Amino acid sequence: MPEFLPYGRQSVSEEDIEAVVSVLRGDWLTTGPAVAKFEADLAEHTGGTPAVAVTSGTAALHVAYAAAGIGAGDEVVASPMTFVATAATAALHGAKVLFADVEPDTGNLSADAAAAAVTSRTKVIAAVDYAGHPAELDALAKIAHDADALLLEDAAHSVGGSWQGRPVGSLADLTTFSFFPTKNLTTAEGGAVVTGSSGLLERAQAFRNHGLVRDKSRQRYPDEGAWHQEVHEFGLNYRLPDVLCALGSSQLKRLTEFKLRRAEIHARYNAALADVSGVLTPPRREGADPVWHLYPLRVLDGRRRALFDHLRGLGIGVQVNYIPAYWHPVFEDLGYRRGLCPHAEAYYEQELSLPLFPSLSDSDVDRVIDGVRGFFGA
């Protein structure tokens with residue numbers, strides 16, 4: 001049996017290792033100069049939009065909803081074609097999540113479905129850049145702003161991409177990133193909130209650090225000394241340490257390289273599988289410049305499970321992304337039922353993620369292609 005081929009894998013260089021070791025030899029392990037540098041380096045890829053580094057993509061979502069002021073009685077319109085955290089973190093703030101259906105081909109939040117879900121209580125529309133393909137961000141922003149709501153872009157898959165010539169991170173009111181090992185760059189665990197609003201930025205920075213207020217002009221009580229600090233609103237410790245931020249800054253130097261290789265692999269799959277009658281290859285909207293985090297093959301005629309088992313049997317680590325968020329029992333227990341978003345459910349029942357990561361060789365890609373074509377006798 002050939003070596004097992006995972007569907008995703010980090011790419012760590014000697015330069016990355018040296019960057020981390022340098023921090024370990026210094027005076028700062030947690031919140032120090034590497035954090036500020038990473039945030040500044042990340043902003044170079046978001047059109048200059050400021051960033052707040054946090055401990056994970058899930059933390060980024062939790063912080064973003066906190067910055068938006070989400071609380072009990074508020075509603076968040078969200079895509080169900082995502083990892084559960086996009087919705088769960090809103091629910092943890094007390095919001096009611098209204099799932100809106102997706103576009104049948106991209107798996108991204110449908111602007112029409114989002115508009116239909118908006119009510120007077122809607123405070124955030126949460127779109128997801130599924131597989132790295134940006135959502136219809138201009139249309140969704142208009143829908144949100146017409147309702148006096150904010151657009152949150154869950155860009156866990158799409159850092160380094162762009163939509164209609166504008167970089168991801170510069171389009172939505174709040175954008176969140178994930179730097180998990182399989183993502184487009186990694187800090188081991190980590191994430192970030194990006195926003196062009198000074199008010200949202202300040203709230204995000206406070207929430208990731210226990211809600212501490214050290215600015216004397218904002219403190220309610222007289223300064224008792226250099227130790228004085230106050231908490232005006234509850235927050236959590238979501239600080240990303242220097243040692244991981246150093247890894248992130250080093251990885252960002254290769255983001256363009258990572259993006260190019262992902263695009264090459266994606267194109268190789270497209271070309272080799274376009275004539276296979278039992279599958280659909282991923283579409284690309286005009287004006288989208290994706291960073292392909294996933295290669296979401298659509299398997300027709302109810303054969304997804306059989307192809308999954310066939311490829312796993314060949315040592316090829318395919319995956320399924322994602323179970324519709326409201327199918328999880330935690331949402332079922334809140335009254336959500338299957339059938340809510342037919343396009344999302346149909347997409348899930350066909351979706352199969354083929355291996356895709358920068359160090360995947362052409363021979364590895366051909367091995368996957370041969371496995372798929374062999375299953376269909378193509």
# chains A, B, ... in the order shown; residues from 1 in each chain; ligands from 1
$ residues_around --residues "segment 238-255 of chain A" --least-positions-apart "6" --cutoff "9 Å" --atoms "only C-alpha atoms" --output "ChimeraX atom specification"
/A:11-13,15-24,28-39,41-42,45,53-56,59-60,63,159-160,179,184-191,207-210
$ residues_around --residues "Ala114 of chain A" --least-positions-apart "3" --cutoff "6 Å" --atoms "only C-alpha atoms" --output "list in words"
Ala100, Ala111 and Ala117 of chain A
$ atom_distance --atom1 "atom CA of Pro358 of chain A" --atom2 "atom CA of Phe258 of chain A"
5.6 Å
$ atom_distance --atom1 "atom CA of Pro324 of chain A" --atom2 "atom CA of Glu345 of chain A"
6.6 Å
$ residues_around --residues "Asp275 of chain A" --least-positions-apart "3" --cutoff "12 Å" --atoms "only C-alpha atoms" --output "ChimeraX atom specification"
/A:269-272,278-281,369,372-373,376-378
